[in-house]
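Asks: Sharing a structure, written as structure tokens. Questions coming.
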Amino acid sequence: MAEDKLRLGEVELSCRLIHGTGKFPSPEVLAGAISAAGAEMITLAVRRLHLDGDHRSELAELDLGAYTVLANTAGARTAAESVRLAKLARAAGLSNFIKVEVVGDEETLLPDPIATLEATRELVADGFIVLPYASDDVALSLRLAEAGAAAVMPGAAPIGSTLGVLNPHNMRAIIDRCPVPVIVDAGLGSPADATRVMEWGAAGVLVNTGIAHARDPVAMASAFAAGVRVGRAAFLAGLAENRPAAGYGASSPVEGLPSALARLPS
Amino acid sequence: MGFEHVTVAAVRASVPVVAIGGLGLGSVGTAIAAGADMAGVVRAICLADDPARVSAELRAEIEATAPWIRFRVNGQERKCPPGSSIRAFLELLEVALDGVVVERNGEILRAAELAGVALRDGDDLEVVHLVGGGTDHG
């Protein structure tokens with residue numbers, strides 16, 4: 001079988017689980033989870049350096065050079081802030097991949113679609129490989145692809161909620177309609193959620209809280225990676241068509257039933 | 001006791017630093033040059049034959065000394081000796097410079113540039129790096 005890889009910009013990923021790095025109990029658990037998942041791409045945020053020293057980085061146990069770093073613009077509230085964070089992230093010299101993240105609502109942390117589109121346009125023009133985190137809106141996903149996004153990252157549910165895919169119809173429509181890879185981000189709570197979207201044809205998933213807040217994050221990272229592989233394999237195998245309303249078909253012959261059964265009351 | 005401890009305190013503190021103990025004419029200027037915001041003097045004045053004259057001379061010595069540059073780093077007031085490069089300041093803080101990005105007055109400076117850029121009074125620096133996390137982590 002030909003190798004099934006996800007191509008983004010100049011990189012090719014064998015592992016379609018993109019691994020978040022927030023909220024892990026320790027640098028050791030984080031490194032163990034990433035390793036257990038076999039993740040090749042990890043997300044990082046831009047933050048101020050502690051000036052008083054003696055802070056152990058949560059990334060202490062990771063060799064960042066071994067991964068494709070997808071920096072995010074988490075913390076941005078406007079397109080301009082997102083662009084500024086993206087440029088700071090790129091200047092760190094690890095990659096020019098950027099996950100545009102612009103919070104539009106403080107309560108739910110849902111993204112601001114307009115600012116996300118604006119920042120995507122500007123960063124694409126500046127040579128970034130842009131993966132915008134977006135709401136699960138079909139038209140927005142198409143617009144982001146048009147704007148030059150290398151992939152779109154619709155949220156399954158609010159960040160950190162682990163609620164799973166709240167709007168499966170929208171998510172499937174995005175996956176079906178979008179001309180660029182769709183990486184489902186945010187809100188996936190269980191490996192089954194990941195399997196489900198991968199079966200629909202998602203190119204990958206990004207998981208953070210679902211792993212970091214599991215009782216055993218390292219084991220859960222491995223479980224999510226397995227869920228992603230199963231879903232991908234099912235997609236490539238081609239699911240049997242759902243047959244709603246118009247065309248249910250029995251799987252056993254309906255002809256030739258013994259007459260006694262045919263007379264049973266329904 | 002030397003003045004290097006004054007310098008360490010001056011670089012790291014985000015509040016004013018007062019040098020005190022054994023200071024007098026000929027050393028208050030050194031304390032200010034080492035980074036103190038103020039000098040506390042007791043004996044050199046109280047035990048002087050002419051306290052008013054000594055006090056005036058101490059003041060003149062302080063005023064003749066070039067003060068440190070004052071600027072903001074990550075929202076905090078900081079200072080360093082006149083002519084210091086950004087790299088020299090960060091080295092005084094003893095922070096790891098690996099992967100650190102500095103933005104001065106809105107302009108991003110690459111790591112290699114930091115040694116060649118002198119800090120100026122009133123500069124606004126953001127010193128950032130990549131960390132674990134995302135939106136619900138920040």
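All residue names refer to the structure tokens as shown: chains lettered A, B, ... in order, residues numbered from 1 in each chain, ligands numbered from 1 in order.
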May I have all residues of region 61-161 of chain A that DSSP, computed from the backbone, assigns to alpha helix (DSSP H), given as a PyMOL selection string?

Replies: chain A and resi 79-91+113-125+138-146

Asks: Got a sec: who's within 7 Å of region 205-218 of chain A, counting only C-alpha atoms, leaving out chain neighbours fewer than 3 positions off, as a tab-separated table (two decimals) with C-alpha atoms, in the first residue's frame?

Replies:
```tsv
chain	number	residue	atom	x	y	z
A	16	ARG	CA	-2.55	12.61	11.65
A	17	LEU	CA	-2.92	13.44	15.33
A	18	ILE	CA	-1.58	16.91	16.03
A	19	HIS	CA	-0.71	17.11	19.69
A	20	GLY	CA	-1.43	20.05	22.00
A	21	THR	CA	1.01	20.91	24.77
A	22	GLY	CA	-1.11	22.75	27.35
A	23	LYS	CA	-2.46	21.67	30.72
A	24	PHE	CA	-0.31	18.57	31.16
A	29	VAL	CA	3.89	13.36	31.13
A	32	GLY	CA	5.44	10.72	27.27
A	33	ALA	CA	2.06	11.51	25.71
A	36	ALA	CA	2.93	7.51	22.87
A	160	GLY	CA	-11.41	22.52	26.35
A	162	THR	CA	-14.38	17.73	25.31
A	183	ILE	CA	-8.15	19.16	10.54
A	184	VAL	CA	-10.77	18.97	13.26
A	185	ASP	CA	-9.62	20.99	16.23
A	186	ALA	CA	-11.00	21.65	19.68
A	188	LEU	CA	-12.78	16.25	20.87
A	189	GLY	CA	-13.24	14.32	24.08
A	190	SER	CA	-12.74	10.67	23.27
A	194	ALA	CA	-11.56	11.33	16.51
A	221	ALA	CA	-2.55	9.80	23.76
A	222	SER	CA	-1.95	6.30	22.47
```

Asks: With 6 Å as the limit and counting only C-alpha atoms, what residues in chain A lie close to chain B? Please list them as a PyMOL selection string.

Replies: chain A and resi 21-22+44-49+53+74-75+92

Asks: Just write the chosen residues, C-alpha atoms, as a compact mmCIF listing (two decimals), in the first residue's frame.

Replies:
```txt
# COMPACT_ATOMS: atom_id res chain seq x y z
CA THR A 21 1.01 20.91 24.77
CA GLY A 22 -1.11 22.75 27.35
CA LEU A 44 3.01 25.86 20.99
CA ALA A 45 1.97 29.31 22.15
CA VAL A 46 3.89 32.61 22.33
CA ARG A 47 4.27 34.02 25.83
CA ARG A 48 6.42 36.46 27.75
CA LEU A 49 9.64 35.11 29.18
CA GLY A 53 14.60 32.98 36.08
CA ALA A 74 -3.74 32.02 21.24
CA GLY A 75 -4.38 35.09 23.32
CA ALA A 92 11.79 32.10 17.22
```

Asks: With distances taken over only C-alpha atoms, which of B:Pro51, B:Gly21, B:Gly35, B:Gly83 is nearest to Glu4 (chain B)?

Replies: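 For Glu4 (chain B), the nearest of the given residues is B:Gly35.
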
Asks: Between CA of Pro16 (chain B) and CA of Ala66 (chain B), what is the distance, to one decimal in Å?

Replies: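 Calculated distance between CA of Pro16 (chain B) and CA of Ala66 (chain B) is 16.5 Å.
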